[in-house]
$ cat data.cif   # mmCIF, C-alpha atoms
data_target
#
loop_
_atom_site.label_atom_id
_atom_site.label_comp_id
_atom_site.auth_asym_id
_atom_site.auth_seq_id
_atom_site.Cartn_x
_atom_site.Cartn_y
_atom_site.Cartn_z
CA MET A 254 -13.66 -33.67 -4.02
CA ASN A 255 -9.94 -32.83 -4.04
CA ASN A 256 -7.37 -34.71 -1.95
CA LEU A 257 -6.96 -32.02 0.72
CA ARG A 258 -10.70 -31.84 1.24
CA GLN A 259 -10.91 -35.66 1.42
CA MET A 260 -8.23 -35.75 4.11
CA SER A 261 -9.90 -33.02 6.14
CA VAL A 262 -13.30 -34.75 6.04
CA PHE A 263 -11.76 -38.13 6.93
CA ALA A 264 -10.10 -36.59 9.99
CA ARG A 265 -13.48 -35.17 11.07
CA ILE A 266 -15.10 -38.65 10.72
CA VAL A 267 -12.43 -40.18 12.93
CA GLU A 268 -12.51 -37.41 15.53
CA SER A 269 -16.32 -37.36 15.69
CA GLY A 270 -16.46 -41.08 16.45
CA SER A 271 -19.05 -41.88 13.80
CA ILE A 272 -20.28 -40.87 10.39
CA SER A 273 -23.54 -39.66 11.93
CA ALA A 274 -21.75 -37.28 14.32
CA ALA A 275 -19.41 -36.08 11.57
CA ALA A 276 -22.34 -35.46 9.23
CA GLU A 277 -24.03 -33.32 11.87
CA ALA A 278 -20.84 -31.32 12.54
CA LEU A 279 -20.20 -30.73 8.83
CA GLU A 280 -23.87 -30.13 8.06
CA LEU A 281 -23.87 -32.89 5.43
CA SER A 282 -26.00 -35.99 5.06
CA LYS A 283 -24.86 -39.39 6.32
CA SER A 284 -25.15 -40.80 2.80
CA VAL A 285 -22.78 -38.14 1.43
CA LEU A 286 -20.15 -38.90 4.07
CA SER A 287 -20.55 -42.66 3.63
CA GLN A 288 -20.00 -42.26 -0.09
CA HIS A 289 -17.05 -39.99 0.60
CA LEU A 290 -15.38 -42.62 2.79
CA LYS A 291 -16.08 -45.35 0.23
CA THR A 292 -14.57 -43.24 -2.59
CA LEU A 293 -11.53 -42.34 -0.47
CA GLU A 294 -10.79 -45.98 0.36
CA ALA A 295 -11.23 -46.92 -3.31
CA ASP A 296 -8.88 -44.15 -4.43
CA LEU A 297 -6.24 -45.19 -1.88
CA GLY A 298 -6.73 -48.90 -2.51
CA VAL A 299 -6.79 -49.74 1.22
CA PRO A 300 -9.51 -49.90 3.92
CA LEU A 301 -9.19 -47.11 6.50
CA LEU A 302 -12.00 -47.90 8.97
CA LYS A 303 -13.67 -50.99 10.35
CA ARG A 304 -17.26 -50.10 11.22
CA THR A 305 -20.03 -51.80 13.16
CA THR A 306 -23.38 -50.43 14.20
CA ARG A 307 -21.86 -49.25 17.48
CA ARG A 308 -18.25 -48.26 16.80
CA GLN A 309 -15.56 -47.60 14.25
CA ILE A 310 -11.92 -48.69 14.44
CA LEU A 311 -8.98 -47.47 12.36
CA THR A 312 -7.07 -50.05 10.39
CA PRO A 313 -3.24 -49.84 10.52
CA ALA A 314 -3.30 -48.01 7.18
CA GLY A 315 -6.08 -45.81 8.55
CA GLU A 316 -4.01 -44.87 11.62
CA ALA A 317 -1.04 -43.80 9.49
CA PHE A 318 -3.28 -41.89 7.10
CA TYR A 319 -5.14 -40.19 9.95
CA ALA A 320 -1.86 -38.99 11.49
CA LYS A 321 -1.05 -37.17 8.22
CA CYS A 322 -4.56 -35.76 8.08
CA GLN A 323 -4.12 -34.35 11.59
CA GLN A 324 -0.91 -32.61 10.52
CA LEU A 325 -2.65 -31.16 7.49
CA ASN A 326 -5.54 -29.82 9.55
CA GLN A 327 -3.14 -28.27 12.07
CA LEU A 328 -1.21 -26.53 9.30
CA ALA A 329 -4.46 -25.19 7.89
CA GLN A 330 -5.57 -23.95 11.30
CA ASP A 331 -2.20 -22.29 11.95
CA ALA A 332 -2.32 -20.56 8.55
CA TRP A 333 -5.86 -19.33 9.21
CA GLU A 334 -5.01 -17.94 12.65
CA GLU A 335 -1.80 -16.30 11.40
CA ALA A 336 -3.69 -14.54 8.61
CA GLN A 337 -6.27 -13.29 11.13
CA ARG A 338 -3.53 -12.00 13.43
CA THR A 339 -2.05 -9.89 10.63
CA GLN A 340 -5.43 -8.24 10.20
CA SER A 341 -5.79 -7.44 13.90
CA GLU A 342 -2.20 -6.30 14.58
CA PRO A 343 -0.18 -4.63 11.78
CA ALA A 344 2.83 -6.81 11.03
CA GLY A 345 5.09 -8.02 8.26
CA LYS A 346 6.89 -6.52 5.30
CA ILE A 347 5.46 -3.59 3.37
CA ARG A 348 7.05 -1.87 0.35
CA ILE A 349 6.11 1.77 -0.16
CA THR A 350 7.18 4.08 -2.97
CA ALA A 351 6.76 7.84 -3.24
CA PRO A 352 8.44 10.79 -4.99
CA HIS A 353 11.45 12.28 -3.20
CA ALA A 354 9.49 15.43 -2.39
CA LEU A 355 6.90 13.40 -0.47
CA MET A 356 9.15 10.73 1.02
CA GLY A 357 11.43 12.91 3.15
CA PRO A 358 9.08 15.44 4.77
CA LEU A 359 5.88 13.37 4.76
CA ILE A 360 6.12 9.59 4.33
CA ALA A 361 9.28 8.85 6.34
CA PRO A 362 8.14 10.68 9.52
CA VAL A 363 4.80 8.86 9.41
CA ILE A 364 6.54 5.49 9.01
CA GLY A 365 8.92 6.30 11.85
CA GLU A 366 6.03 6.92 14.22
CA LEU A 367 4.24 3.74 13.13
CA MET A 368 7.38 1.63 13.65
CA GLN A 369 7.41 2.72 17.28
CA ARG A 370 3.71 1.97 17.70
CA TYR A 371 3.77 -1.33 15.77
CA PRO A 372 7.23 -2.96 16.14
CA ALA A 373 6.21 -5.99 14.03
CA ILE A 374 5.90 -4.03 10.76
CA GLU A 375 8.92 -4.14 8.41
CA PRO A 376 8.74 -1.18 6.01
CA GLU A 377 10.87 -0.81 2.89
CA LEU A 378 10.79 2.74 1.52
CA ILE A 379 11.58 3.46 -2.12
CA ALA A 380 12.00 7.15 -2.99
CA SER A 381 11.73 7.59 -6.74
CA ASP A 382 10.37 10.24 -9.07
CA GLU A 383 9.87 7.50 -11.67
CA GLN A 384 6.56 5.65 -11.46
CA GLN A 385 7.33 2.09 -10.34
CA ASN A 386 5.51 -0.95 -11.71
CA LEU A 387 3.68 -2.12 -8.60
CA MET A 388 3.40 -5.77 -9.61
CA GLN A 389 6.91 -6.20 -11.01
CA GLU A 390 8.55 -4.41 -8.09
CA GLY A 391 6.38 -5.98 -5.40
CA ILE A 392 5.06 -2.59 -4.25
CA ASP A 393 2.28 -2.70 -1.67
CA LEU A 394 1.52 1.02 -1.65
CA ALA A 395 2.42 3.86 -4.02
CA ILE A 396 1.91 7.52 -3.19
CA ARG A 397 1.81 9.66 -6.33
CA VAL A 398 1.26 13.27 -7.30
CA GLY A 399 -1.70 13.59 -9.65
CA ARG A 400 -4.07 10.93 -10.90
CA SER A 401 -2.46 7.93 -12.59
CA PRO A 402 -3.71 6.49 -15.91
CA GLN A 403 -6.59 4.03 -15.72
CA SER A 404 -5.36 0.57 -14.72
CA SER A 405 -6.28 -2.48 -12.65
CA TYR A 406 -4.73 -0.82 -9.58
CA ARG A 407 -6.97 0.57 -6.88
CA GLN A 408 -6.58 4.36 -6.67
CA ARG A 409 -7.87 6.91 -4.17
CA ARG A 410 -7.32 10.59 -3.54
CA ILE A 411 -5.82 11.17 -0.09
CA GLY A 412 -5.03 14.89 -0.04
CA THR A 413 -3.70 17.95 -1.82
CA PHE A 414 -0.82 20.40 -1.65
CA ARG A 415 0.23 23.58 -3.42
CA ASP A 416 3.52 24.28 -5.13
CA THR A 417 4.95 27.63 -4.13
CA LEU A 418 6.88 29.77 -6.63
CA CYS A 419 9.71 31.10 -4.51
CA GLY A 420 13.36 32.14 -4.26
CA SER A 421 15.77 33.63 -1.76
CA LYS A 422 14.71 36.99 -0.33
CA GLY A 423 17.76 38.76 -1.71
CA TYR A 424 17.21 37.39 -5.20
CA VAL A 425 13.46 38.05 -5.33
CA ASP A 426 13.76 41.56 -3.89
CA ASN A 427 16.47 42.61 -6.34
CA THR A 428 15.41 40.95 -9.60
CA GLU A 429 12.63 41.83 -12.00
CA THR A 430 10.17 38.92 -12.37
CA SER A 431 10.56 38.89 -16.16
CA THR A 432 14.34 38.38 -15.89
CA MET A 433 14.42 35.84 -13.07
CA ARG A 434 16.33 32.61 -13.71
CA TYR A 435 14.07 29.58 -13.42
CA ILE A 436 15.28 26.34 -11.76
CA ALA A 437 13.18 23.52 -13.21
CA ASN A 438 12.71 19.93 -12.19
CA ARG A 439 13.10 17.74 -15.26
CA TRP A 440 9.43 16.64 -15.21
CA GLN A 441 8.45 20.25 -15.99
CA GLY A 442 9.84 20.19 -19.53
CA LYS A 443 11.60 22.90 -21.51
CA GLN A 444 8.90 25.57 -21.51
CA ILE A 445 7.42 26.55 -18.15
CA ARG A 446 4.04 28.23 -17.86
CA HIS A 447 2.28 29.00 -14.59
CA GLU A 448 -1.28 30.20 -14.10
CA LEU A 449 -1.61 31.90 -10.72
CA SER A 450 -4.86 33.18 -9.22
CA HIS A 451 -5.19 35.93 -6.65
CA LYS A 452 -5.87 34.51 -3.20
CA THR A 453 -9.09 36.50 -3.09
CA GLY A 454 -10.12 35.09 -6.49
CA SER A 455 -10.31 38.58 -7.99
CA SER A 456 -7.69 38.20 -10.74
CA SER A 457 -5.05 35.92 -12.26
CA GLN A 458 -1.53 36.15 -13.64
CA THR A 459 0.34 34.06 -16.23
CA LEU A 460 4.11 33.64 -16.01
CA ALA A 461 6.30 31.91 -18.61
CA PHE A 462 9.93 30.84 -18.27
CA THR A 463 12.66 28.96 -20.11
CA PRO A 464 14.69 26.97 -17.54
CA ALA A 465 18.14 28.33 -16.74
CA CYS A 466 18.94 25.08 -14.94
CA THR A 467 17.28 21.64 -14.85
CA VAL A 468 17.56 19.25 -11.89
CA ASP A 469 16.20 15.81 -10.98
CA SER A 470 15.26 16.37 -7.33
CA VAL A 471 13.18 18.88 -5.41
CA TYR A 472 15.93 18.96 -2.77
CA THR A 473 18.42 20.10 -5.39
CA THR A 474 15.94 22.79 -6.40
CA LEU A 475 15.64 23.85 -2.77
CA ALA A 476 19.41 24.09 -2.35
CA LEU A 477 19.80 26.17 -5.51
CA LEU A 478 17.00 28.54 -4.55
CA GLU A 479 18.45 29.09 -1.09
CA SER A 480 21.82 29.89 -2.66
CA GLY A 481 20.21 32.68 -4.71
CA ALA A 482 20.51 30.92 -8.08
CA GLY A 483 16.95 31.71 -9.17
CA ILE A 484 13.29 30.87 -8.54
CA GLY A 485 11.36 27.60 -8.76
CA LEU A 486 8.60 25.45 -7.33
CA ILE A 487 8.76 24.04 -3.81
CA PRO A 488 5.78 22.13 -2.29
CA ASP A 489 4.19 23.97 0.60
CA PHE A 490 4.58 21.02 2.98
CA LEU A 491 8.34 20.97 2.32
CA LEU A 492 8.63 24.68 3.09
CA HIS A 493 6.74 24.12 6.35
CA ALA A 494 8.80 21.07 7.31
CA GLN A 495 12.17 22.80 7.72
CA PRO A 496 13.71 26.24 8.33
CA HIS A 497 14.39 28.14 5.12
CA THR A 498 15.22 31.59 3.77
CA LEU A 499 12.82 31.54 0.83
CA VAL A 500 10.03 33.97 0.04
CA GLU A 501 7.16 33.81 -2.45
CA VAL A 502 7.70 35.52 -5.78
CA MET A 503 4.07 36.71 -5.87
CA PRO A 504 2.78 36.43 -2.28
CA ASP A 505 -0.77 37.53 -3.17
CA TYR A 506 -1.16 34.82 -5.82
CA GLN A 507 -1.18 31.04 -5.69
CA LEU A 508 -0.97 28.06 -8.01
CA GLU A 509 -3.77 25.52 -8.33
CA ALA A 510 -3.87 22.79 -5.69
CA VAL A 511 -2.26 19.49 -6.71
CA PRO A 512 -3.96 16.20 -5.70
CA ILE A 513 -2.11 13.31 -4.07
CA PHE A 514 -3.27 9.76 -4.79
CA ALA A 515 -2.56 6.36 -3.24
CA LEU A 516 -2.39 3.26 -5.45
CA HIS A 517 -2.23 -0.40 -4.54
CA PRO A 518 -2.66 -3.72 -6.40
CA TYR A 519 -4.97 -5.43 -3.88
CA GLN A 520 -8.42 -6.04 -5.31
CA ALA A 521 -9.93 -7.43 -2.10
CA GLY A 522 -8.62 -4.69 0.18
CA LEU A 523 -5.27 -3.70 1.67
CA PRO A 524 -3.40 -5.91 4.15
CA ARG A 525 -3.64 -4.56 7.69
CA ALA A 526 -0.12 -3.05 7.76
CA ALA A 527 -0.61 -1.22 4.47
CA ALA A 528 -4.03 0.04 5.52
CA VAL A 529 -2.64 1.48 8.76
CA VAL A 530 0.17 3.21 6.85
CA LEU A 531 -2.23 4.69 4.30
CA ASP A 532 -4.60 5.99 6.99
CA ALA A 533 -1.69 7.63 8.82
CA ILE A 534 -0.40 9.31 5.65
CA GLU A 535 -3.86 10.61 4.82
CA GLU A 536 -4.27 11.95 8.35
CA ARG A 537 -0.91 13.74 8.13
CA LEU A 538 -1.90 15.32 4.82
CA SER A 539 -5.17 16.57 6.26
CA ALA A 540 -3.26 18.17 9.15
#
$ encode --input "data.cif" --output "structure tokens"
Amino acid sequence: MNNLRQMSVFARIVESGSISAAAEALELSKSVLSQHLKTLEADLGVPLLKRTTRRQILTPAGEAFYAKCQQLNQLAQDAWEEAQRTQSEPAGKIRITAPHALMGPLIAPVIGELMQRYPAIEPELIASDEQQNLMQEGIDLAIRVGRSPQSSYRQRRIGTFRDTLCGSKGYVDNTETSTMRYIANRWQGKQIRHELSHKTGSSSQTLAFTPACTVDSVYTTLALLESGAGIGLIPDFLLHAQPHTLVEVMPDYQLEAVPIFALHPYQAGLPRAAAVVLDAIEERLSA
């Protein structure tokens, strides 16, 4: 029996008034508790209790030791109750990472609403198109586009979106599709190929481009498209989130839906604050 356990059991013996009462409360036999007390006194090298058939009295060393045991038990109780409170009321720090395209129009508004509903949560938002190492960076929740490689992280699909191939109305109306300049995000590579299916499912089209310009943010892409620089991909939720002057290059066709996944490093389940955030993000995606 380790030291902390010994101290906790000793405190229960003292508070119960007898080994018999303590044994009943702890659902142990009297002989086990008697042996426990004997071992504890031997380990400490001092007697802690004077016992008769009718009563038990603490020795001076026992009184001092019991006072420390009480403090230990109170700390344990406080820790237990605090942990339970965090599961009933979302609270505490939570680090969330997501790509720029998701953070601005989707994640940040959800977090803003939750901060008003649950003032005790302390979010830290990390917008990055690079995949963060959850353990090294202390990330509680990562929202990612597409399934991540197999790992020890817990992963679940929480929604989908569609990229929209679009440009400014003036540019799209006055430029042949085959000669359109393509604004690419750097994750797309140097050769762009899109497979689009008719919205009725009756046919498909393949478009191929070499980027005329490469950027590192979907917001930069958006600004360039609105200025008439060319065409590119903008997520549908971003187009719906703000006023814009963009039109679809091929309005009767669409790209394949893209899944959104949530990852976290908690094997036994998310802390309450992170779980509330994830549920709210998933609900927003479904809407």
$ resolve_selection --input "data.cif" --expression "the PyMOL selection byres ((chain A and resi 351) around 6)" --output "number ranges by chain"
A: 350, 352, 356, 380, 395-396
$ closest_residue --input "data.cif" --among "A:Gly391, A:Gly454, A:Pro402, A:Gly483" --to "Tyr519 (chain A)" --atoms "all atoms listed in the file"
A:Gly391
$ resolve_selection --input "data.cif" --expression "the PyMOL selection byres ((chain A and resi 452) around 12)" --output "NGL selection string"
:A and (449-451 or 453-458 or 503-509)
$ residues_around --input "data.cif" --residues "Arg258 (chain A)" --least-positions-apart "3" --cutoff "12 Å" --atoms "only C-alpha atoms" --output "list in words"
Met254, Asn255, Ser261, Val262, Phe263, Ala264, Arg265, His289, Leu290, Leu293, Cys322, Leu325, Asn326 and Ala329 of chain A
$ resolve_selection --input "data.cif" --expression "the PyMOL selection byres ((chain A and resi 489) around 12)" --output "PyMOL selection string"
chain A and resi 354-355+358-359+413-419+471+475+486-488+490-495+497+499-501+507-508+510-511+538
$ atom_distance --input "data.cif" --atom1 "CA of Leu460 (chain A)" --atom2 "CA of Ser431 (chain A)"
8.3 Å
$ atom_distance --input "data.cif" --atom1 "CA of Ser405 (chain A)" --atom2 "CA of Leu367 (chain A)"
28.5 Å
$ closest_residue --input "data.cif" --among "A:Ala527, A:Ala373, A:Met433, A:Leu279" --to "Leu478 (chain A)" --atoms "all atoms listed in the file"
A:Met433
$ atom_distance --input "data.cif" --atom1 "CA of Glu268 (chain A)" --atom2 "CA of Lys303 (chain A)"
14.6 Å
$ residues_around --input "data.cif" --residues "Tyr406 (chain A)" --least-positions-apart "5" --cutoff "7 Å" --atoms "only C-alpha atoms" --output "list in words"
Leu516, His517 and Pro518 of chain A
$ closest_residue --input "data.cif" --among "A:Ala461, A:Val468, A:Leu257, A:Ala344" --to "Pro524 (chain A)" --atoms "only C-alpha atoms"
A:Ala344
$ closest_residue --input "data.cif" --among "A:Arg370, A:Arg439, A:Arg407, A:Arg304" --to "Leu387 (chain A)" --atoms "only C-alpha atoms"
A:Arg407
$ build_atoms --input "data.cif" --residues "region 507-524 of chain A" --atoms "N, CA, C and O atoms" --output "mmCIF file, in the coordinates of the input"
data_model
loop_
_atom_site.group_PDB
_atom_site.id
_atom_site.type_symbol
_atom_site.label_atom_id
_atom_site.label_comp_id
_atom_site.auth_asym_id
_atom_site.auth_seq_id
_atom_site.Cartn_x
_atom_site.Cartn_y
_atom_site.Cartn_z
ATOM 1 N N GLN A 507 -1.496 32.433 -5.972
ATOM 2 C CA GLN A 507 -1.180 31.040 -5.690
ATOM 3 C C GLN A 507 -1.467 30.162 -6.901
ATOM 4 O O GLN A 507 -2.306 30.489 -7.747
ATOM 5 N N LEU A 508 -0.740 29.048 -6.964
ATOM 6 C CA LEU A 508 -0.970 28.060 -8.010
ATOM 7 C C LEU A 508 -2.132 27.156 -7.621
ATOM 8 O O LEU A 508 -2.519 27.074 -6.448
ATOM 9 N N GLU A 509 -2.673 26.451 -8.588
ATOM 10 C CA GLU A 509 -3.770 25.520 -8.330
ATOM 11 C C GLU A 509 -3.310 24.379 -7.435
ATOM 12 O O GLU A 509 -2.159 23.928 -7.513
ATOM 13 N N ALA A 510 -4.196 23.918 -6.569
ATOM 14 C CA ALA A 510 -3.870 22.790 -5.690
ATOM 15 C C ALA A 510 -3.603 21.531 -6.503
ATOM 16 O O ALA A 510 -4.227 21.297 -7.540
ATOM 17 N N VAL A 511 -2.659 20.723 -6.025
ATOM 18 C CA VAL A 511 -2.260 19.490 -6.710
ATOM 19 C C VAL A 511 -2.741 18.293 -5.886
ATOM 20 O O VAL A 511 -2.454 18.217 -4.678
ATOM 21 N N PRO A 512 -3.465 17.352 -6.478
ATOM 22 C CA PRO A 512 -3.960 16.200 -5.700
ATOM 23 C C PRO A 512 -2.875 15.146 -5.490
ATOM 24 O O PRO A 512 -1.970 14.980 -6.315
ATOM 25 N N ILE A 513 -2.982 14.440 -4.379
ATOM 26 C CA ILE A 513 -2.110 13.310 -4.070
ATOM 27 C C ILE A 513 -2.972 12.052 -4.031
ATOM 28 O O ILE A 513 -4.031 12.041 -3.387
ATOM 29 N N PHE A 514 -2.516 11.010 -4.719
ATOM 30 C CA PHE A 514 -3.270 9.760 -4.790
ATOM 31 C C PHE A 514 -2.451 8.603 -4.209
ATOM 32 O O PHE A 514 -1.217 8.614 -4.236
ATOM 33 N N ALA A 515 -3.160 7.613 -3.688
ATOM 34 C CA ALA A 515 -2.560 6.360 -3.240
ATOM 35 C C ALA A 515 -3.008 5.246 -4.177
ATOM 36 O O ALA A 515 -4.189 5.178 -4.534
ATOM 37 N N LEU A 516 -2.075 4.397 -4.590
ATOM 38 C CA LEU A 516 -2.390 3.260 -5.450
ATOM 39 C C LEU A 516 -1.920 1.978 -4.782
ATOM 40 O O LEU A 516 -0.897 1.966 -4.082
ATOM 41 N N HIS A 517 -2.664 0.910 -5.009
ATOM 42 C CA HIS A 517 -2.230 -0.400 -4.540
ATOM 43 C C HIS A 517 -2.811 -1.477 -5.449
ATOM 44 O O HIS A 517 -3.822 -1.252 -6.127
ATOM 45 N N PRO A 518 -2.204 -2.668 -5.481
ATOM 46 C CA PRO A 518 -2.660 -3.720 -6.400
ATOM 47 C C PRO A 518 -3.645 -4.698 -5.790
ATOM 48 O O PRO A 518 -3.987 -5.689 -6.429
ATOM 49 N N TYR A 519 -4.123 -4.466 -4.566
ATOM 50 C CA TYR A 519 -4.970 -5.430 -3.880
ATOM 51 C C TYR A 519 -6.435 -5.210 -4.224
ATOM 52 O O TYR A 519 -7.021 -4.194 -3.852
ATOM 53 N N GLN A 520 -7.027 -6.177 -4.886
ATOM 54 C CA GLN A 520 -8.420 -6.040 -5.310
ATOM 55 C C GLN A 520 -9.405 -6.281 -4.168
ATOM 56 O O GLN A 520 -10.503 -5.735 -4.165
ATOM 57 N N ALA A 521 -9.022 -7.090 -3.197
ATOM 58 C CA ALA A 521 -9.930 -7.430 -2.100
ATOM 59 C C ALA A 521 -9.694 -6.582 -0.853
ATOM 60 O O ALA A 521 -10.241 -6.860 0.205
ATOM 61 N N GLY A 522 -8.889 -5.538 -0.977
ATOM 62 C CA GLY A 522 -8.620 -4.690 0.180
ATOM 63 C C GLY A 522 -7.186 -4.814 0.645
ATOM 64 O O GLY A 522 -6.557 -5.857 0.493
ATOM 65 N N LEU A 523 -6.653 -3.742 1.228
ATOM 66 C CA LEU A 523 -5.270 -3.700 1.670
ATOM 67 C C LEU A 523 -5.004 -4.618 2.859
ATOM 68 O O LEU A 523 -5.858 -4.762 3.740
ATOM 69 N N PRO A 524 -3.808 -5.226 2.912
ATOM 70 C CA PRO A 524 -3.400 -5.910 4.150
ATOM 71 C C PRO A 524 -3.400 -4.899 5.308
ATOM 72 O O PRO A 524 -3.282 -3.689 5.100
#
